[in-house]
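Each remark here refers to the structure printed beneath this line.
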Amino acid sequence: MRSRSSRLMTSTSAAVLSGLLALGSAMAQPATGAKPAAPPPGGLAPATPSDLAPAKPGGPAPVAPAPAAAPEKPKKPLTEKQKKDGAKKAYKEAEAKYEKGDFAGALPLYREADELVPGAPPKLKVAQSLDKLGNVSEAVAAYQAYLDAQPDPEKFKDQIASAQGRIDELKKTPAKVKVAVAPETAPNVKILVDDVQQAGTELALTPGKHVIKVSADGFVESTQEVDVAFAENRELGVTLTEAPPPPPPPAPIAEVPPSPEPIGPPPPPPSEPRSPIPAYVTLGLAGAGAVVGTIFGAMALSAKSEFDDNPTVDNADAVDRNALISDMSFAVAITFGVTGAVLLLSRDDAPATTTGLTTKPSKKRNWIATPYATPTGGGAAARFTF
């Protein structure tokens, strides 16, 4: 009884399963040539009697629809041991690539090791890999991140100094500036950076501010100030403006003949040379006076000697007379000698003075000195003419 009941339940279950499979196949594959009916709300089509018919014996078994993909289960967080093991493995693989010069392959592994177990060594290796790859800006940021992690100053003394040195050196990396000049057909383009002419349009500038001047034949010079950071790549567009045409040349100016020079007053007549004869005459008279004075002086001495031998009135008068004549003669000689010297050595008349309008002739000053002698005295007289 139990075996029959089991077989009956098995047959019934198989029939129900076949019907369900046939129903699903009919719903999935509508009849050929028939227009699909509008699905009812909910997206399920109504079943037809043929869909509910049992499968024919010996026919192909209906295909069951593919089950929907199950949602991925969230990953379990890694344990501390798993993190350490993963970090060690990534770091070891990165070191192998780094030693072979594969810096691009070592970089993500160093980063993975640092993400799993953050620390100073992987951060330094990330910075060194970026440095080797020539990524200057990223390398500076990575070195700074290593220093910000505050590694042990005693244990990592050399690494800290090296990282700081690389930061200072990389921050001096020139910026690359490409100058795009418009119009491109501008002739003889010249580019000056801080008043120093450059070769080509690709410039290497030290970090900081610079003045860039661009000029071309027939265009107005353009001046721009730029402030670039280290290792920066920039394209600088410069549009030149055509220079205005030159102004027309000025009209020729008629030459004005020079004005005649003003006619000044006629030159003064040359002064007459002064004759030296008066000086010679005066000096001659002085000489004559000296001779007369000497003669009578000698006679006075002789009369004095006679008076000493024979003191008479006549001898006394002779002594007085000869002495007086000698004194007068010497006085005349001295007077004429001084006058003659003045006449001989004095300069000519002063030159004529010229004023703004006329020339005033110099005034002539004439004077004459005349000596005289009498039995009781002597002297000289002078006459001046103005």
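Chain labels A, B, ... are given in the sequence in which chains occur in the structure tokens; within each chain residues are numbered consecutively from 1, and ligands are likewise numbered from 1 in the order shown.
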
Give the alpha helix (DSSP H) residues of region 195-301 of chain A, as assigned by DSSP on the backbone, as a ChimeraX atom specification.
-> /A:277-301

Preceding selection exported with C-alpha atoms as a PDB file, in the first residue's frame:
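Output file part_36.pdb is given in full below:
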ATOM      1  CA  ILE A 277     111.287 163.800 -29.739  1.00  0.00           C
ATOM      2  CA  PRO A 278     109.904 165.743 -26.735  1.00  0.00           C
ATOM      3  CA  ALA A 279     111.207 163.050 -24.425  1.00  0.00           C
ATOM      4  CA  TYR A 280     114.635 163.111 -26.043  1.00  0.00           C
ATOM      5  CA  VAL A 281     114.811 166.930 -25.866  1.00  0.00           C
ATOM      6  CA  THR A 282     113.810 166.915 -22.237  1.00  0.00           C
ATOM      7  CA  LEU A 283     116.358 164.275 -21.381  1.00  0.00           C
ATOM      8  CA  GLY A 284     118.990 166.244 -23.308  1.00  0.00           C
ATOM      9  CA  LEU A 285     118.227 169.350 -21.237  1.00  0.00           C
ATOM     10  CA  ALA A 286     118.499 167.223 -18.111  1.00  0.00           C
ATOM     11  CA  GLY A 287     121.913 166.063 -19.245  1.00  0.00           C
ATOM     12  CA  ALA A 288     122.982 169.638 -19.937  1.00  0.00           C
ATOM     13  CA  GLY A 289     121.831 170.690 -16.494  1.00  0.00           C
ATOM     14  CA  ALA A 290     123.826 167.898 -14.920  1.00  0.00           C
ATOM     15  CA  VAL A 291     126.941 168.969 -16.841  1.00  0.00           C
ATOM     16  CA  VAL A 292     126.522 172.627 -15.839  1.00  0.00           C
ATOM     17  CA  GLY A 293     125.905 171.645 -12.244  1.00  0.00           C
ATOM     18  CA  THR A 294     129.057 169.537 -12.218  1.00  0.00           C
ATOM     19  CA  ILE A 295     131.200 172.334 -13.680  1.00  0.00           C
ATOM     20  CA  PHE A 296     130.004 174.960 -11.279  1.00  0.00           C
ATOM     21  CA  GLY A 297     130.233 172.517  -8.421  1.00  0.00           C
ATOM     22  CA  ALA A 298     133.896 171.979  -9.212  1.00  0.00           C
ATOM     23  CA  MET A 299     134.397 175.761  -9.456  1.00  0.00           C
ATOM     24  CA  ALA A 300     132.705 176.210  -6.075  1.00  0.00           C
ATOM     25  CA  LEU A 301     135.079 173.701  -4.503  1.00  0.00           C
TER      26      LEU A 301
END

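For Asn188 (chain A), the set of protein, DNA and RNA residues having any atom at most 9 Å away, when counting only C-alpha atoms and skipping those fewer than 3 positions along the same chain, is Ser215, Ala216 and Asp217 of chain A.
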
What separation in Å, quoted to one decimal, exists between CA of Thr239 (chain A) and CA of Val181 (chain A)?
-> 6.0 Å

Could you pull out all residues of region 187-370 of chain A with a DSSP call of strand (DSSP E) and give them as a ChimeraX atom specification?
-> /A:190-193,196-197,202-205,208-215,219-220,222-228,233-239,241-242,353-354,359-360,366-370

Using only C-alpha atoms, please write the residues we just selected to a file, as a PDB file, in the first residue's frame.
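Writing done, so here's again-v1.pdb:
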ATOM      1  CA  LYS A 190      59.953  88.121 -31.420  1.00  0.00           C
ATOM      2  CA  ILE A 191      59.288  87.004 -27.854  1.00  0.00           C
ATOM      3  CA  LEU A 192      60.967  88.640 -24.876  1.00  0.00           C
ATOM      4  CA  VAL A 193      60.766  87.380 -21.294  1.00  0.00           C
ATOM      5  CA  VAL A 196      65.492  88.914 -22.723  1.00  0.00           C
ATOM      6  CA  GLN A 197      64.816  87.560 -26.234  1.00  0.00           C
ATOM      7  CA  GLU A 202      58.012  77.201 -26.093  1.00  0.00           C
ATOM      8  CA  LEU A 203      59.352  78.854 -22.963  1.00  0.00           C
ATOM      9  CA  ALA A 204      60.841  77.427 -19.773  1.00  0.00           C
ATOM     10  CA  LEU A 205      60.115  79.879 -16.953  1.00  0.00           C
ATOM     11  CA  GLY A 208      57.039  83.315 -10.176  1.00  0.00           C
ATOM     12  CA  LYS A 209      55.973  86.416 -12.106  1.00  0.00           C
ATOM     13  CA  HIS A 210      57.325  87.275 -15.540  1.00  0.00           C
ATOM     14  CA  VAL A 211      56.634  89.922 -18.203  1.00  0.00           C
ATOM     15  CA  ILE A 212      56.242  88.506 -21.713  1.00  0.00           C
ATOM     16  CA  LYS A 213      56.461  90.840 -24.728  1.00  0.00           C
ATOM     17  CA  VAL A 214      55.487  89.686 -28.221  1.00  0.00           C
ATOM     18  CA  SER A 215      56.142  91.781 -31.318  1.00  0.00           C
ATOM     19  CA  PHE A 219      52.052  94.923 -35.477  1.00  0.00           C
ATOM     20  CA  VAL A 220      51.786  96.678 -32.137  1.00  0.00           C
ATOM     21  CA  SER A 222      51.756  93.068 -26.847  1.00  0.00           C
ATOM     22  CA  THR A 223      52.787  92.871 -23.180  1.00  0.00           C
ATOM     23  CA  GLN A 224      51.405  90.356 -20.670  1.00  0.00           C
ATOM     24  CA  GLU A 225      52.344  89.511 -17.085  1.00  0.00           C
ATOM     25  CA  VAL A 226      52.116  85.859 -16.047  1.00  0.00           C
ATOM     26  CA  ASP A 227      52.529  84.127 -12.699  1.00  0.00           C
ATOM     27  CA  VAL A 228      53.501  80.474 -13.114  1.00  0.00           C
ATOM     28  CA  ASN A 233      52.156  73.481 -18.270  1.00  0.00           C
ATOM     29  CA  ARG A 234      50.341  76.436 -19.779  1.00  0.00           C
ATOM     30  CA  GLU A 235      49.409  77.770 -23.186  1.00  0.00           C
ATOM     31  CA  LEU A 236      49.421  81.548 -23.533  1.00  0.00           C
ATOM     32  CA  GLY A 237      47.400  83.049 -26.360  1.00  0.00           C
ATOM     33  CA  VAL A 238      48.589  86.395 -27.740  1.00  0.00           C
ATOM     34  CA  THR A 239      46.625  88.314 -30.382  1.00  0.00           C
ATOM     35  CA  THR A 241      46.993  94.210 -33.468  1.00  0.00           C
ATOM     36  CA  GLU A 242      48.118  95.680 -36.751  1.00  0.00           C
ATOM     37  CA  THR A 353      85.363 152.862 -26.318  1.00  0.00           C
ATOM     38  CA  THR A 354      82.447 151.301 -28.198  1.00  0.00           C
ATOM     39  CA  THR A 359      82.177 154.638 -30.906  1.00  0.00           C
ATOM     40  CA  LYS A 360      83.543 157.330 -28.643  1.00  0.00           C
ATOM     41  CA  ASN A 366      98.668 166.552 -24.059  1.00  0.00           C
ATOM     42  CA  TRP A 367     100.961 168.194 -21.594  1.00  0.00           C
ATOM     43  CA  ILE A 368     104.259 170.090 -21.843  1.00  0.00           C
ATOM     44  CA  ALA A 369     106.831 170.623 -19.100  1.00  0.00           C
ATOM     45  CA  THR A 370     109.231 173.603 -19.405  1.00  0.00           C
TER      46      THR A 370
END

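Relative to CA of Met328 (chain A), CA of Asp309 (chain A) is found at 26.8 Å.
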